[in-house]
$ cat coords.cif   # mmCIF, C-alpha atoms and all ligand atoms
data_final
loop_
_atom_site.label_atom_id
_atom_site.label_comp_id
_atom_site.auth_asym_id
_atom_site.auth_seq_id
_atom_site.Cartn_x
_atom_site.Cartn_y
_atom_site.Cartn_z
CA MET A 1 -0.37 -18.32 -6.79
CA ASN A 2 3.06 -17.37 -8.09
CA PHE A 3 5.24 -17.82 -5.02
CA ALA A 4 8.44 -16.44 -6.59
CA GLU A 5 6.68 -13.33 -7.85
CA LEU A 6 5.00 -12.66 -4.48
CA ASN A 7 8.32 -13.03 -2.69
CA LYS A 8 10.03 -10.70 -5.17
CA ILE A 9 7.40 -7.99 -4.62
CA ALA A 10 7.49 -8.36 -0.82
CA GLU A 11 11.29 -8.06 -0.86
CA ALA A 12 11.09 -4.96 -3.08
CA MET A 13 8.58 -3.36 -0.68
CA VAL A 14 11.12 -3.59 2.15
CA ALA A 15 14.31 -2.98 0.10
CA PRO A 16 17.19 -1.41 2.08
CA GLY A 17 16.63 2.27 2.85
CA ARG A 18 13.13 2.32 1.37
CA GLY A 19 9.64 2.09 2.84
CA ILE A 20 5.95 2.54 2.09
CA LEU A 21 3.85 5.69 1.82
CA ALA A 22 0.37 5.07 3.24
CA ALA A 23 -1.74 7.49 1.17
CA ASP A 24 -4.92 5.42 1.51
CA GLU A 25 -6.92 7.64 3.84
CA SER A 26 -10.62 6.94 3.45
CA SER A 27 -12.86 9.85 2.38
CA GLY A 28 -13.69 10.52 6.03
CA THR A 29 -10.08 10.53 7.20
CA ILE A 30 -8.72 12.72 4.38
CA LYS A 31 -11.55 15.19 5.10
CA LYS A 32 -10.31 15.41 8.70
CA ARG A 33 -6.74 16.04 7.49
CA PHE A 34 -7.89 18.66 4.98
CA ASP A 35 -10.13 20.36 7.57
CA ALA A 36 -7.02 20.83 9.73
CA ILE A 37 -5.29 22.79 6.94
CA GLY A 38 -8.38 24.63 5.74
CA VAL A 39 -8.78 22.75 2.45
CA GLU A 40 -12.13 21.55 1.12
CA SER A 41 -12.12 17.79 0.52
CA THR A 42 -13.22 17.65 -3.12
CA GLU A 43 -12.26 14.91 -5.57
CA ASP A 44 -10.00 17.34 -7.44
CA ASN A 45 -8.26 18.60 -4.29
CA ARG A 46 -7.63 15.04 -3.14
CA ARG A 47 -6.21 14.24 -6.58
CA ASP A 48 -4.03 17.38 -6.69
CA TYR A 49 -2.65 16.73 -3.23
CA ARG A 50 -1.77 13.11 -3.91
CA GLU A 51 -0.43 13.88 -7.39
CA MET A 52 1.90 16.38 -5.75
CA LEU A 53 3.35 13.68 -3.48
CA PHE A 54 3.74 11.13 -6.28
CA ARG A 55 5.48 13.70 -8.50
CA SER A 56 8.03 14.56 -5.79
CA SER A 57 10.99 12.82 -7.44
CA GLU A 58 13.24 13.44 -4.42
CA GLY A 59 10.70 12.09 -1.91
CA MET A 60 9.80 9.06 -4.01
CA LYS A 61 13.44 7.86 -4.03
CA GLN A 62 12.85 6.36 -0.57
CA ILE A 63 9.31 5.15 -1.31
CA SER A 64 9.19 1.49 -2.40
CA GLY A 65 5.39 1.37 -2.60
CA VAL A 66 2.32 3.56 -2.21
CA ILE A 67 -0.93 2.38 -0.63
CA LEU A 68 -3.86 3.94 -2.49
CA TYR A 69 -7.53 4.35 -1.69
CA ASP A 70 -10.06 3.02 -4.22
CA GLU A 71 -10.82 6.52 -5.57
CA THR A 72 -7.12 7.24 -6.23
CA ILE A 73 -6.23 4.05 -8.09
CA TRP A 74 -8.67 5.02 -10.88
CA GLN A 75 -7.77 8.74 -10.95
CA LYS A 76 -5.84 10.58 -13.65
CA ALA A 77 -3.50 13.52 -13.06
CA LYS A 78 -4.42 16.95 -14.38
CA ASP A 79 -2.53 16.21 -17.61
CA GLY A 80 -4.42 12.93 -18.08
CA THR A 81 -1.67 10.54 -16.88
CA PRO A 82 -3.06 7.82 -14.61
CA LEU A 83 -1.72 8.37 -11.06
CA VAL A 84 -0.69 4.70 -11.03
CA ASP A 85 1.66 5.40 -13.97
CA ILE A 86 3.25 8.33 -12.14
CA ILE A 87 3.96 6.05 -9.17
CA LYS A 88 5.45 3.34 -11.40
CA LYS A 89 7.58 5.87 -13.27
CA ALA A 90 8.97 7.02 -9.91
CA GLY A 91 10.20 3.43 -9.37
CA SER A 92 7.55 2.63 -6.79
CA ILE A 93 4.93 -0.14 -6.59
CA PRO A 94 1.21 0.74 -6.49
CA GLY A 95 -0.80 -0.91 -3.71
CA ILE A 96 -4.43 -0.72 -2.63
CA LYS A 97 -6.36 -0.65 0.65
CA VAL A 98 -9.04 -3.32 0.28
CA ASP A 99 -10.76 -3.47 3.64
CA GLU A 100 -14.09 -1.70 3.85
CA GLY A 101 -13.62 -0.22 7.31
CA THR A 102 -14.93 -1.45 10.64
CA LYS A 103 -18.28 -2.44 12.18
CA PRO A 104 -19.17 -3.04 15.84
CA LEU A 105 -18.28 -6.60 16.87
CA PRO A 106 -21.47 -8.30 18.13
CA ALA A 107 -21.55 -9.03 21.88
CA CYS A 108 -18.28 -7.17 22.40
CA PRO A 109 -19.17 -3.60 23.45
CA GLY A 110 -16.65 -1.02 22.26
CA GLU A 111 -14.83 -3.40 19.93
CA LEU A 112 -14.61 -3.47 16.14
CA ILE A 113 -14.27 -6.02 13.36
CA THR A 114 -12.86 -5.07 9.97
CA VAL A 115 -15.15 -6.00 7.07
CA GLY A 116 -14.83 -6.47 3.31
CA LEU A 117 -14.22 -10.17 2.60
CA ASP A 118 -17.38 -10.61 0.50
CA LYS A 119 -16.54 -10.35 -3.22
CA LEU A 120 -12.96 -9.52 -2.30
CA SER A 121 -11.51 -11.91 -4.87
CA ASP A 122 -13.42 -10.15 -7.71
CA ARG A 123 -12.18 -6.77 -6.51
CA LEU A 124 -8.58 -8.04 -6.24
CA ALA A 125 -8.63 -9.21 -9.87
CA LYS A 126 -9.69 -5.71 -10.99
CA TYR A 127 -7.08 -4.01 -8.83
CA TYR A 128 -4.38 -6.32 -10.23
CA GLU A 129 -5.40 -5.34 -13.75
CA GLN A 130 -5.17 -1.67 -12.72
CA GLY A 131 -1.56 -2.23 -11.56
CA ALA A 132 -1.81 -3.00 -7.83
CA ARG A 133 0.78 -5.54 -6.73
CA PHE A 134 0.13 -5.39 -3.01
CA ALA A 135 -2.84 -4.69 -0.74
CA LYS A 136 -3.60 -3.59 2.79
CA TRP A 137 -6.16 -4.65 5.38
CA ARG A 138 -6.17 -3.15 8.87
CA GLY A 139 -7.57 -4.81 11.97
CA VAL A 140 -8.09 -2.47 14.93
CA ILE A 141 -7.52 -3.53 18.52
CA ASP A 142 -8.27 -1.06 21.28
CA ILE A 143 -6.94 -1.32 24.83
CA GLY A 144 -9.20 -0.25 27.70
CA ALA A 145 -11.10 -1.53 30.74
CA GLY A 146 -11.89 -5.18 30.00
CA ILE A 147 -10.73 -4.97 26.38
CA PRO A 148 -9.49 -6.33 24.11
CA THR A 149 -11.46 -9.54 24.40
CA TYR A 150 -10.14 -12.80 23.01
CA THR A 151 -13.17 -12.75 20.69
CA CYS A 152 -12.03 -9.48 19.12
CA LEU A 153 -8.40 -10.56 18.73
CA ARG A 154 -9.37 -13.92 17.22
CA ALA A 155 -12.02 -12.51 14.86
CA ASN A 156 -9.70 -9.83 13.49
CA ALA A 157 -6.75 -12.22 13.14
CA HIS A 158 -9.01 -14.63 11.23
CA ALA A 159 -10.33 -11.93 8.87
CA LEU A 160 -6.78 -10.72 8.21
CA ALA A 161 -5.65 -14.27 7.40
CA ARG A 162 -8.62 -14.90 5.07
CA TYR A 163 -7.83 -11.62 3.30
CA ALA A 164 -4.14 -12.58 3.03
CA ALA A 165 -4.97 -15.95 1.47
CA LEU A 166 -7.30 -14.33 -1.08
CA CYS A 167 -4.61 -11.76 -1.98
CA GLN A 168 -1.99 -14.42 -2.60
CA ALA A 169 -4.40 -16.40 -4.78
CA ALA A 170 -4.70 -13.20 -6.87
CA ASN A 171 -0.88 -12.75 -6.97
CA ILE A 172 -1.10 -9.69 -4.73
CA VAL A 173 1.15 -9.35 -1.67
CA PRO A 174 -0.94 -8.77 1.45
CA ILE A 175 0.16 -6.21 4.02
CA VAL A 176 -1.13 -7.75 7.23
CA GLU A 177 -1.91 -4.95 9.67
CA PRO A 178 -3.15 -5.93 13.13
CA GLU A 179 -2.98 -2.50 14.79
CA VAL A 180 -3.03 -2.22 18.57
CA LEU A 181 -4.09 1.40 19.10
CA MET A 182 -2.17 3.85 21.27
CA ASP A 183 -5.27 5.84 22.29
CA GLY A 184 -5.68 4.63 25.88
CA ASP A 185 -4.01 5.35 29.22
CA HIS A 186 -2.23 1.98 29.40
CA ASP A 187 1.52 1.68 29.91
CA ILE A 188 4.05 0.22 27.47
CA ASP A 189 4.01 -3.21 29.13
CA ARG A 190 0.26 -3.57 28.56
CA CYS A 191 0.89 -2.72 24.90
CA VAL A 192 3.61 -5.39 24.82
CA GLU A 193 1.22 -7.96 26.33
CA VAL A 194 -1.66 -7.26 23.91
CA SER A 195 0.61 -6.95 20.85
CA THR A 196 2.28 -10.28 21.71
CA LEU A 197 -1.03 -12.11 22.04
CA MET A 198 -2.38 -10.57 18.82
CA LEU A 199 0.73 -11.47 16.81
CA LYS A 200 0.75 -15.05 18.18
CA LEU A 201 -2.88 -15.47 17.08
CA GLN A 202 -2.16 -13.72 13.78
CA PHE A 203 0.61 -16.10 12.74
CA GLU A 204 -1.44 -19.10 13.85
CA GLU A 205 -4.35 -17.92 11.65
CA LEU A 206 -1.99 -17.24 8.72
CA TYR A 207 -0.70 -20.80 9.06
CA PHE A 208 -4.19 -22.34 9.22
CA ASN A 209 -5.18 -20.32 6.14
CA ARG A 210 -2.12 -21.58 4.23
CA VAL A 211 -0.60 -18.16 3.67
CA ALA A 212 3.01 -18.22 2.41
CA LEU A 213 4.89 -16.05 4.88
CA GLU A 214 7.58 -15.32 2.27
CA GLY A 215 4.93 -13.39 0.34
CA ILE A 216 3.55 -11.05 3.00
CA VAL A 217 4.64 -7.83 4.70
CA LEU A 218 3.65 -7.37 8.35
CA LYS A 219 2.52 -3.90 9.39
CA PRO A 220 2.41 -3.78 13.18
CA ASN A 221 2.28 -1.04 15.78
CA MET A 222 5.38 -0.39 17.85
CA ALA A 223 5.36 -1.15 21.58
CA VAL A 224 4.49 2.28 23.01
CA PRO A 225 2.55 3.57 26.01
CA GLY A 226 -0.98 4.88 25.39
CA LYS A 227 -1.16 8.59 24.59
CA LYS A 228 -3.01 9.25 27.84
CA SER A 229 -0.53 7.31 29.98
CA SER A 230 1.40 9.26 32.58
CA LYS A 231 4.36 6.89 32.08
CA LYS A 232 6.42 7.87 29.04
CA ALA A 233 8.96 5.54 27.44
CA SER A 234 12.40 6.42 26.09
CA VAL A 235 13.40 5.77 22.48
CA GLU A 236 15.62 2.90 23.68
CA GLU A 237 12.80 1.29 25.68
CA VAL A 238 10.38 1.45 22.73
CA ALA A 239 13.02 -0.02 20.40
CA GLU A 240 14.04 -2.82 22.77
CA LYS A 241 10.49 -3.84 23.71
CA THR A 242 9.23 -3.70 20.12
CA VAL A 243 12.08 -5.85 18.82
CA ARG A 244 11.57 -8.31 21.68
CA VAL A 245 7.87 -8.68 20.82
CA LEU A 246 8.65 -9.17 17.13
CA LYS A 247 11.44 -11.71 17.77
CA ASN A 248 9.05 -13.70 19.93
CA CYS A 249 6.22 -13.69 17.40
CA VAL A 250 7.31 -13.16 13.79
CA PRO A 251 8.91 -16.08 11.91
CA GLY A 252 12.12 -15.34 9.99
CA ALA A 253 10.38 -16.40 6.76
CA VAL A 254 8.60 -13.01 6.69
CA PRO A 255 10.70 -10.75 4.42
CA GLY A 256 9.91 -7.53 6.17
CA ILE A 257 8.06 -5.56 8.78
CA ALA A 258 6.84 -2.05 7.91
CA PHE A 259 5.53 -0.13 10.91
CA LEU A 260 2.53 2.17 11.07
CA SER A 261 3.10 5.49 12.86
CA GLY A 262 -0.22 5.37 14.70
CA GLY A 263 -0.21 8.91 16.12
CA GLN A 264 3.47 9.21 17.09
CA SER A 265 5.09 12.52 16.15
CA ASP A 266 7.06 12.59 12.92
CA GLU A 267 10.39 12.60 14.68
CA GLU A 268 9.46 9.97 17.27
CA ALA A 269 8.41 7.55 14.52
CA THR A 270 11.76 8.11 12.79
CA ALA A 271 13.85 7.86 15.97
CA HIS A 272 12.15 4.61 17.05
CA LEU A 273 12.69 2.96 13.67
CA ASP A 274 16.31 4.07 13.62
CA ALA A 275 17.00 2.74 17.14
CA MET A 276 15.56 -0.66 16.20
CA ASN A 277 17.70 -0.93 13.09
CA ARG A 278 20.78 -0.15 15.16
CA MET A 279 20.02 -3.31 17.19
CA GLY A 280 20.70 -5.60 14.20
CA PRO A 281 21.28 -8.06 12.76
CA LEU A 282 17.56 -8.86 12.74
CA PRO A 283 15.75 -11.76 11.01
CA TRP A 284 13.67 -9.44 8.78
CA ALA A 285 13.95 -5.98 7.23
CA LEU A 286 12.44 -3.28 9.46
CA THR A 287 11.06 -0.23 7.70
CA PHE A 288 8.19 2.25 7.64
CA SER A 289 4.69 2.29 6.18
CA TYR A 290 3.72 5.66 7.55
CA GLY A 291 0.68 7.78 6.82
CA ARG A 292 0.65 10.67 9.24
CA ALA A 293 4.39 10.65 10.03
CA LEU A 294 5.18 11.16 6.32
CA GLN A 295 2.33 13.47 5.39
CA ALA A 296 1.73 15.85 8.32
CA ALA A 297 4.61 18.15 7.29
CA PRO A 298 3.80 18.35 3.55
CA GLN A 299 0.09 18.85 4.29
CA LYS A 300 0.88 21.81 6.52
CA ALA A 301 3.31 23.29 3.99
CA TRP A 302 0.84 22.85 1.11
CA SER A 303 -2.37 24.14 2.72
CA GLY A 304 -4.13 23.77 -0.64
CA LYS A 305 -2.19 26.53 -2.43
CA SER A 306 -0.47 25.85 -5.74
CA GLU A 307 2.32 28.31 -4.91
CA ASN A 308 3.23 26.04 -1.95
CA VAL A 309 3.72 22.88 -4.03
CA ALA A 310 7.53 23.10 -4.12
CA ALA A 311 7.74 23.69 -0.35
CA ALA A 312 5.35 20.82 0.33
CA GLN A 313 7.37 18.48 -1.91
CA ARG A 314 10.53 19.52 -0.03
CA ALA A 315 8.83 18.76 3.30
CA PHE A 316 7.76 15.34 2.01
CA ALA A 317 11.23 14.60 0.60
CA HIS A 318 12.79 15.51 3.94
CA ARG A 319 10.60 13.10 5.93
CA ALA A 320 11.07 10.36 3.33
CA LYS A 321 14.84 10.84 3.50
CA MET A 322 14.91 10.80 7.32
CA ASN A 323 12.86 7.60 7.41
CA GLY A 324 14.96 6.06 4.65
CA LEU A 325 18.03 6.64 6.84
CA ALA A 326 16.19 5.24 9.89
CA ALA A 327 15.42 2.09 7.89
CA LEU A 328 19.20 1.67 7.62
CA GLY A 329 19.93 2.68 11.23
CA GLN A 330 21.77 5.76 9.92
CA TRP A 331 19.50 8.62 11.06
CA LYS A 332 20.82 11.31 13.40
CA ALA A 333 18.71 13.89 15.26
CA ASP A 334 20.91 16.76 14.08
CA LEU A 335 20.01 15.99 10.45
CA GLU A 336 16.50 17.18 11.36
CA LYS A 337 17.76 20.50 12.62
CA LYS A 338 20.03 21.13 9.66
CA ALA A 339 17.12 20.80 7.28
CA ALA A 340 14.67 22.83 9.35
P1 LIG B 1 -0.34 6.01 10.23
O1 LIG B 1 1.15 5.93 9.96
O2 LIG B 1 -0.86 7.41 10.16
O3 LIG B 1 -0.74 5.25 11.46
O4 LIG B 1 -1.05 5.31 8.99
C1 LIG B 1 -0.59 4.12 8.55
C2 LIG B 1 -1.71 3.29 8.09
O5 LIG B 1 -1.76 2.90 6.95
C3 LIG B 1 -2.76 2.93 9.06
O6 LIG B 1 -3.59 1.96 8.54
#

$ encode --input "coords.cif" --output "structure tokens"
Amino acid sequence: MNFAELNKIAEAMVAPGRGILAADESSGTIKKRFDAIGVESTEDNRRDYREMLFRSSEGMKQISGVILYDETIWQKAKDGTPLVDIIKKAGSIPGIKVDEGTKPLPACPGELITVGLDKLSDRLAKYYEQGARFAKWRGVIDIGAGIPTYTCLRANAHALARYAALCQAANIVPIVEPEVLMDGDHDIDRCVEVSTLMLKLQFEELYFNRVALEGIVLKPNMAVPGKKSSKKASVEEVAEKTVRVLKNCVPGAVPGIAFLSGGQSDEEATAHLDAMNRMGPLPWALTFSYGRALQAAPQKAWSGKSENVAAAQRAFAHRAKMNGLAALGQWKADLEKKAA
């Protein structure tokens, strides 16, 4: 393990005013996104869509790294250039999702365990050769009646820590993503409680697995009420409660925290990140690693038509710019309106 190199990459992933584009939707998830805009999910369409994002020179200015799906990391653009080279040329770092999705967790009805540790070290070596310098693994924690169980939290934290140790041994920075879902009807304080317990267990497991915290990026959920909750939370409440959870759980040795958007609207995800960065100074960089909150607008603008490419790239550049400002605590709501 090259500690200095891992730390350098982690720092670059969370550099001031920049964040990560999560473009690693699995085949099933990208099909859902394409269905919504009336586009058939073929290998070529997936390539064209992602190539369009990576070639958006304006949008990529704020993108420090791109998380790819296995199919994409081996793909070439229409003109034969490997997509990985387009990302590097844009000044961004290629990364790769390495988990293999979820399976039901035995004896824990309704709960999931993320799988993919078998042969992971062989796969990591190949991804490194292909240019990946960081990876992602997502554990999923649902909140509901009687869940999450301690079994589910512990099993997912352990798998994430084993993954992180294997990544570092392969000189790849692990993004550690223990996601507490916002699907339920729970309030924000229940989210705070579950997120706190998960992060406490996560950092204990990282320690026991000898992971160097200076060479990871944490990708957590924000503290938000469930989507079906009748109790909404203000931007200030989300920001304050999220930062409180993180300060209680995340050691200062971690270079940066890059949030998932998790189903928040584009503008909510930006406003929350901005409000947190206005609460500084903080022990770590706080930025974005958004999938939906960066891609919903360009997907809609594109709708699979080549004549819409410029408009879609503009929509992507706008969201990237807004989130880049939020990562500095310099976003303002009226900037959204001006551009619209
Ligand atoms: P969302 O921002 O759409 O939640 O996606 C981020 C991600 O990578 C989830 O694993």

$ closest_residue --input "coords.cif" --among "A:Tyr69, A:Phe203, A:Trp331, A:Trp284" --to "Val98 in chain A" --atoms "all atoms listed in the file"
A:Tyr69

$ atom_distance --input "coords.cif" --atom1 "CA of Leu286 in chain A" --atom2 "CA of Glu214 in chain A"
14.8 Å

$ residues_near_ligand --input "coords.cif" --ligand "ligand LIG 1 (chain B)" --cutoff "6 Å" --atoms "all atoms listed in the file" --output "count of residues only"
10

$ closest_residue --input "coords.cif" --among "A:Val309, A:Ala315, A:Leu120, A:Ala10" --to "Ala297 in chain A" --atoms "all atoms listed in the file"
A:Ala315

$ residues_around --input "coords.cif" --residues "Tyr49 in chain A" --least-positions-apart "2" --cutoff "10 Å" --atoms "all atoms listed in the file" --output "list in words"
Phe34, Asp44, Asn45, Arg46, Arg47, Glu51, Met52, Leu53, Phe54, Pro298, Gln299, Trp302, Ser303, Gly304, Lys305, Ser306, Val309 and Ala312 of chain A

$ write_last_selection --input "coords.cif" --atoms "C-alpha atoms" --output "PDB file, keeping the file's coordinate frame"
ATOM      1  CA  PHE A  34      -7.890  18.660   4.980  1.00  0.00           C
ATOM      2  CA  ASP A  44     -10.000  17.340  -7.440  1.00  0.00           C
ATOM      3  CA  ASN A  45      -8.260  18.600  -4.290  1.00  0.00           C
ATOM      4  CA  ARG A  46      -7.630  15.040  -3.140  1.00  0.00           C
ATOM      5  CA  ARG A  47      -6.210  14.240  -6.580  1.00  0.00           C
ATOM      6  CA  GLU A  51      -0.430  13.880  -7.390  1.00  0.00           C
ATOM      7  CA  MET A  52       1.900  16.380  -5.750  1.00  0.00           C
ATOM      8  CA  LEU A  53       3.350  13.680  -3.480  1.00  0.00           C
ATOM      9  CA  PHE A  54       3.740  11.130  -6.280  1.00  0.00           C
ATOM     10  CA  PRO A 298       3.800  18.350   3.550  1.00  0.00           C
ATOM     11  CA  GLN A 299       0.090  18.850   4.290  1.00  0.00           C
ATOM     12  CA  TRP A 302       0.840  22.850   1.110  1.00  0.00           C
ATOM     13  CA  SER A 303      -2.370  24.140   2.720  1.00  0.00           C
ATOM     14  CA  GLY A 304      -4.130  23.770  -0.640  1.00  0.00           C
ATOM     15  CA  LYS A 305      -2.190  26.530  -2.430  1.00  0.00           C
ATOM     16  CA  SER A 306      -0.470  25.850  -5.740  1.00  0.00           C
ATOM     17  CA  VAL A 309       3.720  22.880  -4.030  1.00  0.00           C
ATOM     18  CA  ALA A 312       5.350  20.820   0.330  1.00  0.00           C
TER      19      ALA A 312
END

$ closest_atom_pairs --input "coords.cif" --of "range 174-224 of chain A" --to "range 106-114 of chain A" --cutoff "12 Å" --atoms "all atoms listed in the file" --output "tab-separated table"
residue	atom	partner	partner_atom	distance
A:Glu177	CA	A:Thr114	CA	11.0
A:Pro178	CA	A:Thr114	CA	10.2
A:Glu179	CA	A:Thr114	CA	11.3
A:Val180	CA	A:Leu112	CA	11.9
A:Leu181	CA	A:Glu111	CA	11.8

$ atom_distance --input "coords.cif" --atom1 "CA of Glu307 in chain A" --atom2 "CA of Lys31 in chain A"
21.6 Å

$ closest_residue --input "coords.cif" --among "A:Glu268, A:Asp274, A:Glu193, A:Glu129" --to "Lys241 in chain A" --atoms "only C-alpha atoms"
A:Glu193

$ residues_around --input "coords.cif" --residues "range 243-252 of chain A" --least-positions-apart "6" --cutoff "10 Å" --atoms "all atoms listed in the file" --output "ChimeraX atom specification"
/A:192-193,195-203,213-214,218,220,222-223,237,276-277,279-280,282-286

$ atom_distance --input "coords.cif" --atom1 "CA of Phe208 in chain A" --atom2 "CA of Ala161 in chain A"
8.4 Å

$ closest_atom_pairs --input "coords.cif" --of "range 227-331 of chain A" --to "range 57-62 of chain A" --cutoff "9 Å" --atoms "all atoms listed in the file" --output "JSON lines"
{"residue": "A:Gln313", "atom": "CA", "partner": "A:Gly59", "partner_atom": "CA", "distance": 7.2}
{"residue": "A:Arg314", "atom": "CA", "partner": "A:Gly59", "partner_atom": "CA", "distance": 7.7}
{"residue": "A:Ala315", "atom": "CA", "partner": "A:Gly59", "partner_atom": "CA", "distance": 8.7}
{"residue": "A:Phe316", "atom": "CA", "partner": "A:Gly59", "partner_atom": "CA", "distance": 5.9}
{"residue": "A:Ala317", "atom": "CA", "partner": "A:Gly59", "partner_atom": "CA", "distance": 3.6}
{"residue": "A:His318", "atom": "CA", "partner": "A:Gly59", "partner_atom": "CA", "distance": 7.1}
{"residue": "A:Arg319", "atom": "CA", "partner": "A:Gly59", "partner_atom": "CA", "distance": 7.9}
{"residue": "A:Ala320", "atom": "CA", "partner": "A:Gly59", "partner_atom": "CA", "distance": 5.5}
{"residue": "A:Lys321", "atom": "CA", "partner": "A:Gln62", "partner_atom": "CA", "distance": 6.4}
{"residue": "A:Asn323", "atom": "CA", "partner": "A:Gln62", "partner_atom": "CA", "distance": 8.1}
{"residue": "A:Gly324", "atom": "CA", "partner": "A:Gln62", "partner_atom": "CA", "distance": 5.6}

$ residues_around --input "coords.cif" --residues "Tyr128 in chain A" --least-positions-apart "3" --cutoff "10 Å" --atoms "all atoms listed in the file" --output "JSON, numbers by chain"
{"A": [94, 95, 96, 123, 124, 125, 131, 132, 133, 134, 135, 167, 170, 171, 172]}

$ closest_residue --input "coords.cif" --among "A:Val254, A:Leu325, A:Ile73, A:Cys191" --to "Gly226 in chain A" --atoms "only C-alpha atoms"
A:Cys191

$ closest_residue --input "coords.cif" --among "A:Glu100, A:Gly91, A:Ala327, A:Arg50" --to "Lys76 in chain A" --atoms "only C-alpha atoms"
A:Arg50

$ residues_around --input "coords.cif" --residues "Val235 in chain A" --least-positions-apart "6" --cutoff "8 Å" --atoms "all atoms listed in the file" --output "PDB file with C-alpha atoms, in the coordinates of the input"
ATOM      1  CA  GLU A 268       9.460   9.970  17.270  1.00  0.00           C
ATOM      2  CA  ALA A 271      13.850   7.860  15.970  1.00  0.00           C
ATOM      3  CA  HIS A 272      12.150   4.610  17.050  1.00  0.00           C
ATOM      4  CA  ALA A 275      17.000   2.740  17.140  1.00  0.00           C
TER       5      ALA A 275
END

$ residues_around --input "coords.cif" --residues "Val217 in chain A" --least-positions-apart "6" --cutoff "9 Å" --atoms "all atoms listed in the file" --output "PyMOL selection string"
chain A and resi 10-11+13-14+173-177+254-258

$ closest_residue --input "coords.cif" --among "A:Ile216, A:Leu83, A:Leu6, A:Ile188" --to "Ala233 in chain A" --atoms "all atoms listed in the file"
A:Ile188

$ axis_aligned_box --input "coords.cif" --around "range 34-44 of chain A" --padding-each-side "8 Å" --output "JSON"
{"center_x": -9.3, "center_y": 19.8, "center_z": 1.1, "size_x": 23.9, "size_y": 25.7, "size_z": 33.2}

$ decode --input "coords.cif" --residues "range 172-183 of chain A" --atoms "N, CA, C and O atoms" --output "PDB file, in the first residue's frame"
ATOM      1  N   ILE A 172      -5.876   1.588  -4.415  1.00  0.00           N
ATOM      2  CA  ILE A 172      -7.108   2.233  -4.877  1.00  0.00           C
ATOM      3  C   ILE A 172      -7.804   2.824  -3.657  1.00  0.00           C
ATOM      4  O   ILE A 172      -7.941   2.159  -2.626  1.00  0.00           O
ATOM      5  N   VAL A 173      -8.230   4.085  -3.768  1.00  0.00           N
ATOM      6  CA  VAL A 173      -8.908   4.749  -2.646  1.00  0.00           C
ATOM      7  C   VAL A 173     -10.355   4.241  -2.549  1.00  0.00           C
ATOM      8  O   VAL A 173     -11.101   4.325  -3.521  1.00  0.00           O
ATOM      9  N   PRO A 174     -10.744   3.691  -1.410  1.00  0.00           N
ATOM     10  CA  PRO A 174     -12.133   3.246  -1.289  1.00  0.00           C
ATOM     11  C   PRO A 174     -13.082   4.381  -0.908  1.00  0.00           C
ATOM     12  O   PRO A 174     -12.832   5.117   0.044  1.00  0.00           O
ATOM     13  N   ILE A 175     -14.172   4.521  -1.667  1.00  0.00           N
ATOM     14  CA  ILE A 175     -15.292   5.336  -1.182  1.00  0.00           C
ATOM     15  C   ILE A 175     -16.119   4.395  -0.323  1.00  0.00           C
ATOM     16  O   ILE A 175     -16.568   3.350  -0.786  1.00  0.00           O
ATOM     17  N   VAL A 176     -16.278   4.762   0.935  1.00  0.00           N
ATOM     18  CA  VAL A 176     -17.021   3.936   1.885  1.00  0.00           C
ATOM     19  C   VAL A 176     -18.429   4.516   2.003  1.00  0.00           C
ATOM     20  O   VAL A 176     -18.599   5.634   2.483  1.00  0.00           O
ATOM     21  N   GLU A 177     -19.412   3.766   1.512  1.00  0.00           N
ATOM     22  CA  GLU A 177     -20.773   4.314   1.415  1.00  0.00           C
ATOM     23  C   GLU A 177     -21.779   3.477   2.211  1.00  0.00           C
ATOM     24  O   GLU A 177     -22.375   2.535   1.687  1.00  0.00           O
ATOM     25  N   PRO A 178     -21.975   3.823   3.489  1.00  0.00           N
ATOM     26  CA  PRO A 178     -23.020   3.156   4.254  1.00  0.00           C
ATOM     27  C   PRO A 178     -24.283   4.013   4.167  1.00  0.00           C
ATOM     28  O   PRO A 178     -24.458   4.949   4.939  1.00  0.00           O
ATOM     29  N   GLU A 179     -25.161   3.679   3.228  1.00  0.00           N
ATOM     30  CA  GLU A 179     -26.320   4.557   2.972  1.00  0.00           C
ATOM     31  C   GLU A 179     -27.536   4.167   3.809  1.00  0.00           C
ATOM     32  O   GLU A 179     -28.063   3.065   3.678  1.00  0.00           O
ATOM     33  N   VAL A 180     -27.983   5.101   4.636  1.00  0.00           N
ATOM     34  CA  VAL A 180     -29.262   4.944   5.335  1.00  0.00           C
ATOM     35  C   VAL A 180     -30.324   5.555   4.418  1.00  0.00           C
ATOM     36  O   VAL A 180     -30.283   6.752   4.119  1.00  0.00           O
ATOM     37  N   LEU A 181     -31.235   4.714   3.946  1.00  0.00           N
ATOM     38  CA  LEU A 181     -32.213   5.144   2.933  1.00  0.00           C
ATOM     39  C   LEU A 181     -33.224   6.144   3.497  1.00  0.00           C
ATOM     40  O   LEU A 181     -33.532   6.130   4.690  1.00  0.00           O
ATOM     41  N   MET A 182     -33.753   6.974   2.586  1.00  0.00           N
ATOM     42  CA  MET A 182     -34.785   7.935   2.995  1.00  0.00           C
ATOM     43  C   MET A 182     -36.161   7.519   2.462  1.00  0.00           C
ATOM     44  O   MET A 182     -37.001   8.364   2.193  1.00  0.00           O
ATOM     45  N   ASP A 183     -36.390   6.196   2.338  1.00  0.00           N
ATOM     46  CA  ASP A 183     -37.648   5.730   1.741  1.00  0.00           C
ATOM     47  C   ASP A 183     -38.827   5.670   2.714  1.00  0.00           C
ATOM     48  O   ASP A 183     -39.971   5.662   2.292  1.00  0.00           O
TER      49      ASP A 183
END
